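Please read the structure below before turning to the comments.
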Amino acid sequence: MQSGELHRLLLHVQGARGIARRYFITNGFDGALTMLGLMIGFFLSEHVDVSVAIKACLGAAVALCMSGLSSAYLSESAERKKELHELEQALIADLGNSDVGRASRLVPVVVALVNGMSPLLISLTIMTPLWMAQQGIALPLSPFLLASLIALLLMFLLGVLLARLSREFWLWSGLRALAIAAGTALIIIVISV
Amino acid sequence: MATIQKITLDVLKPHRPNALEFAAAVADLSQGMRVQVIVDAVDEKTESILLVIEGGEIDFDAISQRISEMGATLHSIDAVEVLGEQSDAGNAS
């Protein structure tokens with residue numbers, strides 16, 4: 001592919017940045033809250049072996065990743081095919097080999113990767129204290145409690161990211177996301193006790 | 001063989017790429033090519049444009065291909081200006 005052709009294709013892909021951002025935040029929330037729920041559950045259960053917790057969290061993280069990949073690809077692909085078909089009808093032309101046609105095949109892949117990798121990376125980050133505890137590294141708090149704090153921090157950062165997009169005050173947006181996480185944690189604690 | 005000096009094309013294109021990106025992509029075909037895009041009509045999904053190309057080496061087939069690559073369709077050649085070169089037969093007479 002020549003540089004001019006690549007540049008034109010990227011112009012089309014850049015148009016999907018907003019969708020990718022939305023997916024990143026939506027599924028990032030899913031990843032962070034799922035891990036937060038698991039960590040609180042493990043913490044309240046007591047005597048849960050860290051290696052068991054790691055396997056359970058990894059399972060959830062991979063499932064979230066696969067769910068994000070497949071759901072975003074299928075929905076985005078269907079939407080792009082519909083748009084391409086409508087455009088082809090308006091232009092009375094086959095756009096399969098055009099930049100628009102190539103972009104309509106590439107964009108669902110890019111969006112699916114963002115949607116799948118977002119919860120996976122967030123989940124793996126939250127699991128860091130569990131890996132450290134498994135390696136025998138001394139931690140000041142329970143690895144589950146530390147992981148919960150990381151999940152809360154990541155939720156706050158996702159809120160800050162949202163504020164950057166909406167040009168709101170970052171602290172307010174971050175605290176709002178944090179409140180959602182704290183509310184989730186509270187519900188889990190109430191139903192677990 | 002006559003060379004094209006200026007050509008005006010009636011083109012139907014999607015909203016993306018926009019007029020500026022469209023003109024730049026055509027102009028990139030040849031150094032010194034001047035491209036003017038005049039938006040004639042805008043529809044829900046498409047826009048009708050007049051593409052005026054002059055200067056540089058105007059290769060109609062390459063322009064036509066570039067237009068297709070960008071998802072647009074060439075409707076008609078609305079105006080053309082060519083410069084003829086004297087043929088051998090013309091020299092002999």
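As shown in the structure tokens, the chain order sets the letters A, B, ...; within each chain, residues go from 1, and ligands are also counted from 1 in the order they appear.
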Contacts of Glu5 (chain A) within 9 Å, only C-alpha atoms, excl. fewer than 5 positions in-chain, as a list in words: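 The residues that qualify are Leu10 and Asp99 of chain A; Ala25 and Glu69 of chain B.
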Same residues, C-alpha atoms, saved as a PDB file, in the first residue's frame:
```
ATOM      1  CA  LEU A  10      -6.381   6.568   7.789  1.00  0.00           C
ATOM      2  CA  ASP A  99     -11.054   3.637   0.365  1.00  0.00           C
TER       3      ASP A  99
ATOM      4  CA  ALA B  25      -5.533  13.363  -3.477  1.00  0.00           C
ATOM      5  CA  GLU B  69     -10.487   4.762  -5.253  1.00  0.00           C
TER       6      GLU B  69
END
```
Return as a compact mmCIF listing (two decimals) with C-alpha atoms, in the first residue's frame the residues belonging to chain A that are within 10 Å of chain B, counting only C-alpha atoms.
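See result.txt below for the written result:
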```txt
# COMPACT_ATOMS: atom_id res chain seq x y z
CA GLY A 4 -1.01 8.33 -0.22
CA GLU A 5 -3.39 5.37 -0.20
CA HIS A 7 -3.11 8.33 4.32
CA ARG A 8 -6.56 8.34 2.67
CA LEU A 9 -7.50 5.11 4.45
CA LEU A 11 -8.61 9.60 7.20
CA HIS A 12 -11.58 7.26 7.12
CA GLY A 15 -13.53 9.16 11.69
CA GLU A 83 -23.73 2.30 5.68
CA GLU A 86 -26.64 2.76 1.44
CA LEU A 87 -23.72 4.75 0.03
CA GLU A 88 -23.39 2.32 -2.88
CA GLN A 89 -27.06 2.79 -3.65
CA ALA A 90 -26.71 6.59 -3.51
CA LEU A 91 -23.66 6.55 -5.81
CA ILE A 92 -24.87 3.62 -7.94
CA ALA A 93 -21.38 2.12 -7.73
CA ASP A 94 -19.54 -0.83 -6.21
CA LEU A 95 -17.35 0.61 -3.45
CA GLY A 96 -15.76 -2.69 -2.39
CA ASN A 97 -12.27 -1.70 -3.64
CA SER A 98 -12.51 1.98 -2.74
CA ASP A 99 -11.05 3.64 0.36
CA VAL A 100 -14.54 3.71 1.90
CA GLY A 101 -14.94 -0.03 1.26
CA ARG A 102 -11.52 -0.86 2.73
```
Glu81 (chain B) environment, 12 Å, only C-alpha atoms, sequence neighbours closer than 2 positions dropped, as an NGL selection string: :B and (2-8 or 52-55 or 58 or 77-79 or 83-84)
Using only C-alpha atoms, please write the residues we just selected to a file, as a PDB file, in the first residue's frame.
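The resulting part_16.pdb:
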```
ATOM      1  CA  ALA B   2      -2.567  15.884 -28.079  1.00  0.00           C
ATOM      2  CA  THR B   3      -1.998  16.607 -24.413  1.00  0.00           C
ATOM      3  CA  ILE B   4      -4.718  17.657 -21.992  1.00  0.00           C
ATOM      4  CA  GLN B   5      -4.185  21.191 -20.704  1.00  0.00           C
ATOM      5  CA  LYS B   6      -7.363  21.528 -18.686  1.00  0.00           C
ATOM      6  CA  ILE B   7     -10.302  19.275 -17.944  1.00  0.00           C
ATOM      7  CA  THR B   8     -13.552  19.788 -16.052  1.00  0.00           C
ATOM      8  CA  VAL B  52     -11.306  21.412 -12.616  1.00  0.00           C
ATOM      9  CA  ILE B  53      -7.795  20.124 -13.294  1.00  0.00           C
ATOM     10  CA  GLU B  54      -5.031  22.011 -15.093  1.00  0.00           C
ATOM     11  CA  GLY B  55      -1.249  22.053 -15.348  1.00  0.00           C
ATOM     12  CA  ILE B  58      -2.928  15.270 -16.876  1.00  0.00           C
ATOM     13  CA  ILE B  77     -16.490  15.311 -18.913  1.00  0.00           C
ATOM     14  CA  ASP B  78     -17.968  18.806 -18.934  1.00  0.00           C
ATOM     15  CA  ALA B  79     -15.125  20.713 -20.561  1.00  0.00           C
ATOM     16  CA  LEU B  83      -2.924  21.061 -27.011  1.00  0.00           C
ATOM     17  CA  GLY B  84      -2.097  19.261 -30.234  1.00  0.00           C
TER      18      GLY B  84
END
```
Interatomic distance, CA of Glu76 (chain A) to CA of Ile19 (chain A) (Å, one decimal):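 Here the two named atoms are 9.5 Å from each other.
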Residue contacts of Leu171 (chain A) (12 Å, only C-alpha atoms) excluding same-chain residues fewer than 4 positions away, as a ChimeraX atom specification: /A:156-164,167,175-179
Residues near Ser76 (chain B), cut-off 9 Å, only C-alpha atoms, skip fewer than 5 positions along chain, as a PyMOL selection string: chain B and resi 8-11
I need the residues from that last selection saved to file as a short mmCIF file (atom, residue, chain, number, x, y, z; two decimals), in the first residue's frame (with N, CA and C atoms), if you can.
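Just written: part-v3.cif:
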```cif
data_model
loop_
_atom_site.label_atom_id
_atom_site.label_comp_id
_atom_site.auth_asym_id
_atom_site.auth_seq_id
_atom_site.Cartn_x
_atom_site.Cartn_y
_atom_site.Cartn_z
N THR B 8 -12.53 19.57 -17.09
CA THR B 8 -13.55 19.79 -16.05
C THR B 8 -14.44 18.55 -15.99
N LEU B 9 -14.52 17.94 -14.82
CA LEU B 9 -15.26 16.69 -14.66
C LEU B 9 -16.42 16.88 -13.69
N ASP B 10 -17.52 16.25 -14.02
CA ASP B 10 -18.68 16.24 -13.13
C ASP B 10 -18.59 14.94 -12.33
N VAL B 11 -18.46 15.06 -11.02
CA VAL B 11 -18.20 13.89 -10.16
C VAL B 11 -19.22 13.84 -9.01
#
```
Those of chain B in DSSP helix (DSSP H, G or I), formatted as a ChimeraX atom specification: /B:19-27,60-69,88-92
For C-alpha atoms, I'd like the residues from the last selection saved as a CSV table (one decimal), in the first residue's frame.
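What follows is the written file selection-v1.csv:
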```csv
chain,number,residue,atom,x,y,z
B,19,ALA,CA,-13.5,18.7,-0.9
B,20,LEU,CA,-10.0,19.6,0.4
B,21,GLU,CA,-8.9,16.0,0.9
B,22,PHE,CA,-10.4,15.0,-2.5
B,23,ALA,CA,-8.6,17.8,-4.3
B,24,ALA,CA,-5.3,17.1,-2.6
B,25,ALA,CA,-5.5,13.4,-3.5
B,26,VAL,CA,-6.1,14.2,-7.2
B,27,ALA,CA,-3.3,16.9,-7.2
B,60,PHE,CA,-7.2,11.0,-17.6
B,61,ASP,CA,-7.0,7.2,-16.7
B,62,ALA,CA,-5.0,7.9,-13.6
B,63,ILE,CA,-7.5,10.6,-12.5
B,64,SER,CA,-10.4,8.4,-13.2
B,65,GLN,CA,-8.9,5.6,-11.2
B,66,ARG,CA,-8.1,8.0,-8.3
B,67,ILE,CA,-11.7,9.2,-8.3
B,68,SER,CA,-12.9,5.5,-8.1
B,69,GLU,CA,-10.5,4.8,-5.3
B,88,ASP,CA,4.9,13.6,-39.0
B,89,ALA,CA,2.2,13.7,-41.7
B,90,GLY,CA,1.6,17.3,-40.9
B,91,ASN,CA,5.3,18.1,-41.2
B,92,ALA,CA,5.5,16.4,-44.7
```
Separation of CA of Val111 (chain A) from CA of Ala72 (chain A) in Å: 6.7 Å
Per-residue DSSP, chain B, filtered to strand (DSSP E or B), as JSON, numbers by chain: {"B": [3, 4, 5, 6, 7, 8, 9, 10, 11, 12, 13, 14, 34, 35, 36, 37, 38, 39, 40, 41, 42, 46, 47, 48, 49, 50, 51, 52, 53, 54, 73, 74, 75, 76, 77, 78, 79, 80, 81, 82, 83]}
Close residues, Val114 (chain A) itself excluded, 9 Å, only C-alpha atoms, min 2 positions apart in chain, as a list in words: Ala20, Arg21, Tyr23, Phe24, Gly68, Leu69, Val109, Val110, Val111, Ala112, Gly116, Met117 and Ser118 of chain A
Exercise: Ile150 (chain A) partners within 12 Å, only C-alpha atoms, chain neighbours under 4 positions left out, as an NGL selection string: :A and (32-33 or 35-36 or 39 or 122-130 or 143-146 or 154-157 or 178 or 181)
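Going from CA of Lys81 (chain A) over to CA of Ala63 (chain A), you cover 26.6 Å.
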Among the residues A:Ser75, A:Ser148, A:Gln14, A:Ser45, the one that comes closest to Ala185 (chain A) [using only C-alpha atoms]: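 Nearest to Ala185 (chain A): A:Ser148.
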